[in-house]
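Below is one structure, written out as structure tokens; the observations come after it.
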Amino acid sequence: MRPRHLALAVALAAVWGFTFVVMQTGLKHYPPLTYAALRFLLAAFPAVLVIGGPRVPWRWVLATGASLGVAQYGLLLLGMRAGMPAGLTSLVVQVQAVFTTLFATALLGERLGPRRIAGMAVAFGGLGLIAAGVAARSGAIPFGAFLLCVGAAAGWGLGNVATRKAAPPDSLRFMVWVSAVSAPPLLVLSLVTEGSSSLTSFTAEGVGAVLYTAFLSTLGGFAVWGWLLARYDASVVAPYSLLVPFFGIASAALFTGEPISPLTIAAGALILAGLLLANSRPRTAPATVIPGGPEVAASIGPSPGQCRTGA
């Protein structure tokens with residue numbers, strides 16, 4: 001990868017990592033479902049009016065919107081609102097790669113080799129270490145909030161499988177339409193459970209948080225990611241997604257004062273090592289990277305005729 005493109009990949013990981021701090025800030029001004037609805041609404045409009053059709057079957061757009069948009073971000077923001085700190089959340093959701101593999105095995109008939117099974121076991125060991133730490137912190141982090149974030153990772157994994165079935169030729173166009181179908185149900189849920197008053201609440205900090213996640217993290221992020229995937233093999237680009245929790249934890253420590261405990265470091269090492277082990281494969285079998293959120297999904301193996309996803 002050329003130096004300037006490498007710098008671009010690292011900068012993108014930083015943008016996606018910092019997104020967790022931005023979302024934590026936005027949740028001070030908007031309820032979780034309202035924030036999610038506004039994020040996808042702005043990411044979809046007016047882009048959806050000029051970008052053209054999704055170029056994939058609508059059932060996969062709807063399935064991805066339901067899983068990645070509604071389930072993943074709904075549960076993620078609910079978990080953060082309930083008490084999960086930004087940095088730790090950025091690490092926990094990385095187990096979406098393990099859920100992706102499990103769903104791909106169950107729904108797509110993909111086979112699990114010994115290396116992938118071992119990698120998933122190591123990653124889940126890291127998740128278990130976090131769970132034990134949360135349980136031991138005497139309510140400092142509600143265990144229910146942790147489970148909501150794990151549920152968000154599962155929703156992300158299911159959405160990755162739907163994205164694989166869709167096999168979008170243009171990741172940015174696809175994400176615009178996923179945003180468009182995610183916004184209405186999130187908006188309805190927010191109106192029913194959170195009321196309409198939050199939609200008319202405007203503060204500079206709150207609006208800035210929504211704009212960051214909608215335009216910089218979603219549209220800008222996937223435009224850059226697709227641009228990189230159009231020029232390099234997915235196996236070259238994919239490892240940079242593992243920098244996201246590093247930037248998430250570091251930015252949370254810097255901007256919110258979130259402590260970085262030895263347990264977090266150990267759990268992060270286990271999760272990232274497990275993901276690297278599960279997604280390593282012989283050089284003759286290149287990886288596929290599936291887009292799905294502010295933190296790019298790890299590869300889950302090539303599907304027939306598809307070894308890269310991008311613009």
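Letters A, B, ... go to the chains of the structure tokens in the order shown; residues in each chain start at 1; ligands are counted from 1 in the same order.
Around segment 130-142 of chain A, within 9 Å and counting only C-alpha atoms, the residues found are Ala82, Gly83, Met84, Pro85, Leu88, Val92, Gly125, Gly126, Leu127, Gly128, Gly144, Ala145, Phe146, Leu147, Leu263, Thr264, Ala267 and Gly268 of chain A, once anything fewer than 2 positions away on its own chain is removed.
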Save out the residues we just selected, C-alpha atoms, as a PDB file, in the first residue's frame.
ATOM      1  CA  ALA A  82     -27.366   2.414  30.048  1.00  0.00           C
ATOM      2  CA  GLY A  83     -23.764   2.803  31.153  1.00  0.00           C
ATOM      3  CA  MET A  84     -21.286   1.128  28.802  1.00  0.00           C
ATOM      4  CA  PRO A  85     -18.306   3.483  28.358  1.00  0.00           C
ATOM      5  CA  LEU A  88     -14.883  -0.513  26.253  1.00  0.00           C
ATOM      6  CA  VAL A  92     -16.726  -5.402  22.872  1.00  0.00           C
ATOM      7  CA  GLY A 125     -12.284 -15.715  26.060  1.00  0.00           C
ATOM      8  CA  GLY A 126     -11.491 -12.013  25.852  1.00  0.00           C
ATOM      9  CA  LEU A 127     -15.190 -11.197  25.914  1.00  0.00           C
ATOM     10  CA  GLY A 128     -15.623 -13.419  28.954  1.00  0.00           C
ATOM     11  CA  GLY A 144     -27.405  -5.361  31.232  1.00  0.00           C
ATOM     12  CA  ALA A 145     -25.624  -2.570  29.356  1.00  0.00           C
ATOM     13  CA  PHE A 146     -22.800  -4.979  28.541  1.00  0.00           C
ATOM     14  CA  LEU A 147     -25.300  -7.560  27.246  1.00  0.00           C
ATOM     15  CA  LEU A 263      -7.986  -6.205  32.378  1.00  0.00           C
ATOM     16  CA  THR A 264      -9.112  -4.126  29.381  1.00  0.00           C
ATOM     17  CA  ALA A 267      -9.133  -8.656  27.049  1.00  0.00           C
ATOM     18  CA  GLY A 268      -8.348  -6.496  24.023  1.00  0.00           C
TER      19      GLY A 268
END
Test item: residues at most 10 Å from Pro31 of chain A, only C-alpha atoms, excluding those fewer than 5 positions along its chain, as an MDAnalysis selection string = chainID A and resid 26 36 77:78 81 190 193:195 198:199
Could those selected residues go to a file with N, CA and C atoms, as a short mmCIF file (atom, residue, chain, number, x, y, z; two decimals), in the first residue's frame?
data_model
loop_
_atom_site.label_atom_id
_atom_site.label_comp_id
_atom_site.auth_asym_id
_atom_site.auth_seq_id
_atom_site.Cartn_x
_atom_site.Cartn_y
_atom_site.Cartn_z
N GLY A 26 -23.26 12.50 21.97
CA GLY A 26 -24.59 12.72 21.41
C GLY A 26 -25.70 12.21 22.31
N ALA A 36 -30.13 7.37 16.83
CA ALA A 36 -29.92 6.44 15.73
C ALA A 36 -30.76 6.82 14.51
N LEU A 77 -26.58 1.85 21.07
CA LEU A 77 -26.81 3.13 21.73
C LEU A 77 -27.60 2.96 23.02
N LEU A 78 -28.50 1.98 23.06
CA LEU A 78 -29.19 1.69 24.32
C LEU A 78 -28.19 1.22 25.38
N ARG A 81 -26.13 4.21 26.50
CA ARG A 81 -26.94 5.07 27.35
C ARG A 81 -27.13 4.44 28.74
N SER A 190 -38.60 5.44 18.21
CA SER A 190 -38.23 6.56 19.07
C SER A 190 -39.45 7.38 19.47
N THR A 193 -41.49 5.18 22.09
CA THR A 193 -40.87 4.92 23.39
C THR A 193 -40.20 6.13 24.03
N GLU A 194 -39.82 7.11 23.21
CA GLU A 194 -39.06 8.25 23.74
C GLU A 194 -39.79 9.59 23.59
N GLY A 195 -40.86 9.60 22.80
CA GLY A 195 -41.61 10.83 22.61
C GLY A 195 -41.04 11.70 21.50
N SER A 198 -37.80 15.15 21.89
CA SER A 198 -36.35 15.09 21.66
C SER A 198 -35.99 15.43 20.23
N LEU A 199 -36.94 15.28 19.29
CA LEU A 199 -36.65 15.59 17.89
C LEU A 199 -36.51 17.08 17.66
#
Residues within 12 Å of Arg116 of chain A, please, as a PDB file with N, CA and C atoms, in the first residue's frame. Count only C-alpha atoms; anything in the same chain fewer than 5 positions from it doesn't count.
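The resulting file, part-v8.pdb, is reproduced below:
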ATOM      1  N   ALA A  97     -17.236 -10.105  14.538  1.00  0.00           N
ATOM      2  CA  ALA A  97     -16.605 -10.990  13.563  1.00  0.00           C
ATOM      3  C   ALA A  97     -16.849 -12.455  13.906  1.00  0.00           C
ATOM      4  N   VAL A  98     -16.866 -12.761  15.202  1.00  0.00           N
ATOM      5  CA  VAL A  98     -17.150 -14.129  15.636  1.00  0.00           C
ATOM      6  C   VAL A  98     -18.614 -14.472  15.357  1.00  0.00           C
ATOM      7  N   THR A 100     -20.428 -13.133  13.095  1.00  0.00           N
ATOM      8  CA  THR A 100     -20.540 -13.235  11.644  1.00  0.00           C
ATOM      9  C   THR A 100     -20.201 -14.642  11.178  1.00  0.00           C
ATOM     10  N   THR A 101     -19.111 -15.190  11.715  1.00  0.00           N
ATOM     11  CA  THR A 101     -18.699 -16.540  11.342  1.00  0.00           C
ATOM     12  C   THR A 101     -19.745 -17.571  11.756  1.00  0.00           C
ATOM     13  N   LEU A 102     -20.288 -17.422  12.958  1.00  0.00           N
ATOM     14  CA  LEU A 102     -21.299 -18.372  13.431  1.00  0.00           C
ATOM     15  C   LEU A 102     -22.552 -18.321  12.565  1.00  0.00           C
ATOM     16  N   THR A 105     -21.911 -19.785   9.142  1.00  0.00           N
ATOM     17  CA  THR A 105     -21.892 -21.245   9.204  1.00  0.00           C
ATOM     18  C   THR A 105     -23.308 -21.812   9.245  1.00  0.00           C
ATOM     19  N   GLU A 110     -21.206 -22.234   5.499  1.00  0.00           N
ATOM     20  CA  GLU A 110     -19.749 -22.157   5.477  1.00  0.00           C
ATOM     21  C   GLU A 110     -19.160 -23.134   6.496  1.00  0.00           C
ATOM     22  N   ARG A 111     -17.980 -23.618   6.188  1.00  0.00           N
ATOM     23  CA  ARG A 111     -17.345 -24.612   7.048  1.00  0.00           C
ATOM     24  C   ARG A 111     -16.358 -23.949   8.003  1.00  0.00           C
ATOM     25  N   ALA A 121     -12.661 -19.109  19.882  1.00  0.00           N
ATOM     26  CA  ALA A 121     -12.577 -19.440  21.305  1.00  0.00           C
ATOM     27  C   ALA A 121     -11.719 -18.416  22.043  1.00  0.00           C
ATOM     28  N   VAL A 122     -10.613 -18.003  21.430  1.00  0.00           N
ATOM     29  CA  VAL A 122      -9.744 -17.008  22.056  1.00  0.00           C
ATOM     30  C   VAL A 122     -10.476 -15.669  22.173  1.00  0.00           C
ATOM     31  N   ALA A 123     -11.170 -15.261  21.090  1.00  0.00           N
ATOM     32  CA  ALA A 123     -11.894 -13.990  21.113  1.00  0.00           C
ATOM     33  C   ALA A 123     -12.998 -14.001  22.162  1.00  0.00           C
ATOM     34  N   ALA A 273      -6.244 -10.906  19.036  1.00  0.00           N
ATOM     35  CA  ALA A 273      -5.472 -12.092  18.649  1.00  0.00           C
ATOM     36  C   ALA A 273      -6.397 -13.182  18.107  1.00  0.00           C
ATOM     37  N   GLY A 274      -7.546 -13.338  18.752  1.00  0.00           N
ATOM     38  CA  GLY A 274      -8.503 -14.328  18.272  1.00  0.00           C
ATOM     39  C   GLY A 274      -9.028 -14.004  16.889  1.00  0.00           C
ATOM     40  N   LEU A 275      -9.302 -12.720  16.645  1.00  0.00           N
ATOM     41  CA  LEU A 275      -9.786 -12.318  15.322  1.00  0.00           C
ATOM     42  C   LEU A 275      -8.723 -12.539  14.263  1.00  0.00           C
ATOM     43  N   LEU A 276      -7.477 -12.206  14.589  1.00  0.00           N
ATOM     44  CA  LEU A 276      -6.391 -12.420  13.630  1.00  0.00           C
ATOM     45  C   LEU A 276      -6.224 -13.907  13.333  1.00  0.00           C
ATOM     46  N   LEU A 277      -6.300 -14.739  14.363  1.00  0.00           N
ATOM     47  CA  LEU A 277      -6.163 -16.174  14.167  1.00  0.00           C
ATOM     48  C   LEU A 277      -7.323 -16.734  13.356  1.00  0.00           C
ATOM     49  N   ALA A 278      -8.555 -16.312  13.694  1.00  0.00           N
ATOM     50  CA  ALA A 278      -9.734 -16.846  13.003  1.00  0.00           C
ATOM     51  C   ALA A 278      -9.773 -16.427  11.542  1.00  0.00           C
ATOM     52  N   ASN A 279      -9.221 -15.268  11.231  1.00  0.00           N
ATOM     53  CA  ASN A 279      -9.321 -14.748   9.872  1.00  0.00           C
ATOM     54  C   ASN A 279      -8.054 -14.919   9.064  1.00  0.00           C
ATOM     55  N   SER A 280      -7.050 -15.575   9.640  1.00  0.00           N
ATOM     56  CA  SER A 280      -5.853 -15.881   8.862  1.00  0.00           C
ATOM     57  C   SER A 280      -6.139 -17.123   8.035  1.00  0.00           C
ATOM     58  N   ARG A 281      -5.582 -17.147   6.845  1.00  0.00           N
ATOM     59  CA  ARG A 281      -5.834 -18.257   5.934  1.00  0.00           C
ATOM     60  C   ARG A 281      -4.681 -18.360   4.949  1.00  0.00           C
ATOM     61  N   SER A 299     -13.116  -9.883   8.109  1.00  0.00           N
ATOM     62  CA  SER A 299     -13.452 -10.820   7.040  1.00  0.00           C
ATOM     63  C   SER A 299     -13.970 -12.119   7.623  1.00  0.00           C
ATOM     64  N   ILE A 300     -14.852 -12.765   6.865  1.00  0.00           N
ATOM     65  CA  ILE A 300     -15.394 -14.058   7.296  1.00  0.00           C
ATOM     66  C   ILE A 300     -15.194 -15.105   6.207  1.00  0.00           C
ATOM     67  N   GLY A 301     -14.344 -14.816   5.256  1.00  0.00           N
ATOM     68  CA  GLY A 301     -14.042 -15.801   4.234  1.00  0.00           C
ATOM     69  C   GLY A 301     -14.714 -15.480   2.929  1.00  0.00           C
TER      70      GLY A 301
END
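The gap separating atom CA of Pro169 of chain A from atom CA of Val48 of chain A is 16.3 Å, in Å to one decimal.
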note = Across A:Leu254, A:Ala37, A:Val224, A:Leu107, the smallest distance to His5 of chain A, with only C-alpha atoms counted, is shown by A:Val224
query = Please, what distance in Å, to one decimal, runs between atom CA of Val178 of chain A and atom CA of Ala214 of chain A?
reply = 12.6 Å
key: Residues flagged alpha helix (DSSP H) by DSSP in segment 104-147 of chain A, as a PyMOL selection string   = chain A and resi 104-108+114-136+143-147
Just N, CA and C atoms for this one: save the residues we selected as a compact mmCIF listing (two decimals), in the first residue's frame.
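Saved as part16.txt:
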# COMPACT_ATOMS: atom_id res chain seq x y z
N ALA A 104 -22.74 -17.19 9.47
CA ALA A 104 -22.40 -17.65 8.12
C ALA A 104 -22.36 -19.18 8.07
N THR A 105 -21.91 -19.78 9.14
CA THR A 105 -21.89 -21.25 9.20
C THR A 105 -23.31 -21.81 9.25
N ALA A 106 -24.16 -21.19 10.05
CA ALA A 106 -25.53 -21.69 10.22
C ALA A 106 -26.41 -21.38 9.01
N LEU A 107 -26.27 -20.20 8.43
CA LEU A 107 -27.19 -19.75 7.39
C LEU A 107 -26.65 -19.92 5.97
N LEU A 108 -25.35 -19.88 5.81
CA LEU A 108 -24.76 -19.97 4.47
C LEU A 108 -24.04 -21.29 4.23
N PRO A 114 -10.26 -25.80 12.00
CA PRO A 114 -9.70 -25.76 13.36
C PRO A 114 -9.14 -24.39 13.73
N ARG A 115 -8.51 -23.71 12.77
CA ARG A 115 -7.93 -22.40 13.06
C ARG A 115 -9.02 -21.39 13.40
N ARG A 116 -10.11 -21.41 12.67
CA ARG A 116 -11.19 -20.46 12.92
C ARG A 116 -11.88 -20.75 14.26
N ILE A 117 -12.07 -22.03 14.56
CA ILE A 117 -12.67 -22.40 15.84
C ILE A 117 -11.79 -21.95 16.99
N ALA A 118 -10.49 -22.16 16.86
CA ALA A 118 -9.56 -21.74 17.91
C ALA A 118 -9.57 -20.22 18.07
N GLY A 119 -9.59 -19.51 16.95
CA GLY A 119 -9.61 -18.05 17.01
C GLY A 119 -10.87 -17.53 17.69
N MET A 120 -12.02 -18.13 17.37
CA MET A 120 -13.26 -17.70 17.99
C MET A 120 -13.24 -17.98 19.50
N ALA A 121 -12.66 -19.11 19.88
CA ALA A 121 -12.58 -19.44 21.30
C ALA A 121 -11.72 -18.42 22.04
N VAL A 122 -10.61 -18.00 21.43
CA VAL A 122 -9.74 -17.01 22.06
C VAL A 122 -10.48 -15.67 22.17
N ALA A 123 -11.17 -15.26 21.09
CA ALA A 123 -11.89 -13.99 21.11
C ALA A 123 -13.00 -14.00 22.16
N PHE A 124 -13.74 -15.10 22.24
CA PHE A 124 -14.78 -15.19 23.26
C PHE A 124 -14.19 -15.24 24.66
N GLY A 125 -12.96 -15.76 24.78
CA GLY A 125 -12.28 -15.71 26.06
C GLY A 125 -12.04 -14.28 26.50
N GLY A 126 -11.65 -13.43 25.55
CA GLY A 126 -11.49 -12.01 25.85
C GLY A 126 -12.80 -11.36 26.25
N LEU A 127 -13.87 -11.73 25.57
CA LEU A 127 -15.19 -11.20 25.91
C LEU A 127 -15.60 -11.65 27.31
N GLY A 128 -15.32 -12.91 27.62
CA GLY A 128 -15.62 -13.42 28.95
C GLY A 128 -14.83 -12.70 30.03
N LEU A 129 -13.60 -12.32 29.71
CA LEU A 129 -12.78 -11.57 30.65
C LEU A 129 -13.40 -10.21 30.94
N ILE A 130 -13.92 -9.57 29.89
CA ILE A 130 -14.60 -8.29 30.08
C ILE A 130 -15.86 -8.48 30.92
N ALA A 131 -16.62 -9.54 30.62
CA ALA A 131 -17.84 -9.82 31.38
C ALA A 131 -17.52 -10.02 32.86
N ALA A 132 -16.45 -10.75 33.13
CA ALA A 132 -16.07 -10.98 34.53
C ALA A 132 -15.67 -9.67 35.20
N GLY A 133 -14.97 -8.81 34.45
CA GLY A 133 -14.59 -7.52 34.99
C GLY A 133 -15.78 -6.64 35.27
N VAL A 134 -16.75 -6.65 34.35
CA VAL A 134 -17.97 -5.86 34.54
C VAL A 134 -18.72 -6.35 35.77
N ALA A 135 -18.85 -7.68 35.91
CA ALA A 135 -19.57 -8.24 37.06
C ALA A 135 -18.87 -7.92 38.38
N ALA A 136 -17.54 -7.79 38.33
CA ALA A 136 -16.78 -7.55 39.55
C ALA A 136 -16.74 -6.08 39.95
N PHE A 143 -24.47 -4.75 34.11
CA PHE A 143 -24.25 -5.94 33.28
C PHE A 143 -25.23 -5.97 32.11
N GLY A 144 -26.43 -5.42 32.32
CA GLY A 144 -27.41 -5.36 31.23
C GLY A 144 -26.91 -4.50 30.08
N ALA A 145 -26.19 -3.43 30.40
CA ALA A 145 -25.62 -2.57 29.36
C ALA A 145 -24.60 -3.33 28.54
N PHE A 146 -23.78 -4.13 29.23
CA PHE A 146 -22.80 -4.98 28.54
C PHE A 146 -23.50 -5.96 27.60
N LEU A 147 -24.58 -6.59 28.08
CA LEU A 147 -25.30 -7.56 27.25
C LEU A 147 -25.94 -6.89 26.03
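Distances from A:Phe40, A:Phe174, A:Phe246, A:Tyr240 to Ala223 of chain A were compared using only C-alpha atoms, and the smallest one belongs to A:Phe174.
Near Trp177 of chain A, within a cut-off of 9 Å and counting only C-alpha atoms, sit the residues Ala44, Val48, Gly53, Pro54, Val61, Leu62, Gly65, Leu172, Arg173, Phe174, Met175, Ser179, Ala180, Val181 and Ser182 of chain A, with same-chain residues fewer than 2 positions away left out.
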remark   = Nearest to Ser171 of chain A, restricted to only C-alpha atoms and choosing among A:Leu219, A:Ala71, A:Val10, A:Ile249, comes out as A:Leu219
request  = For atom CA of Asp170 of chain A and atom CA of Pro32 of chain A, quote the distance in Å rounded to one decimal.
outcome  = 29.0 Å
ask   = For Trp156 of chain A, which of A:Ala14, A:Leu229, A:Ala204, A:Ala63 is the closest residue, counting only C-alpha atoms?
value = A:Ala63
inquiry  = At a cut-off of 6 Å, using only C-alpha atoms, what residues contact Val210 of chain A? Leave out same-chain residues fewer than 3 positions from it and give the result as a ChimeraX atom specification.
reply    = /A:39,207,213
query = Counting only C-alpha atoms, what is within 7 Å of Ala86 of chain A, bar same-chain residues fewer than 6 positions away, as JSON, numbers by chain?
reply = {"A": [20, 21, 24, 252]}
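Among the candidates A:Ala13, A:Leu187, A:Leu228, A:Gln72, the one nearest to Ala154 of chain A when counting only C-alpha atoms is A:Gln72.
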